[in-house]
Amino acid sequence: IDLRGNLEKARLDLDAILGKKPLNREAVWACYDRLEKARENLARERFQFLLKVREILGPERFERLKMMYRGLMTQKRHRVMEGGMRKWW
């Protein structure tokens, strides 16, 4: 949760700095670097979690889990697309 909060805070900070006049390029780049570091930290944590799940489940069950997840994501995309089209009609 802290990692997501850090990422969101970095995004908000960057938006705020980009909105200031005059533009301070050094501050923008420093804030951008913090945003990228926050993204990297979150990605590393997610990947570490994935590796732990893989170790617990073993290769066969992990593959089944991946296939189930892909199927669910495909279904979700179709529902979102269908729902979005209904809203526009």
# chains A, B, ... in the order shown; residues from 1 in each chain; ligands from 1
>>> residues_around(residues="Lys37 of chain A", least_positions_apart="4", cutoff="10 Å", atoms="only C-alpha atoms", output="PyMOL selection string")
chain A and resi 6-7+10+31-33+41-43
>>> atom_distance(atom1="atom CA of Lys52 of chain A", atom2="atom CA of Leu65 of chain A")
13.5 Å
>>> atom_distance(atom1="atom CA of Leu72 of chain A", atom2="atom CA of Arg4 of chain A")
23.5 Å
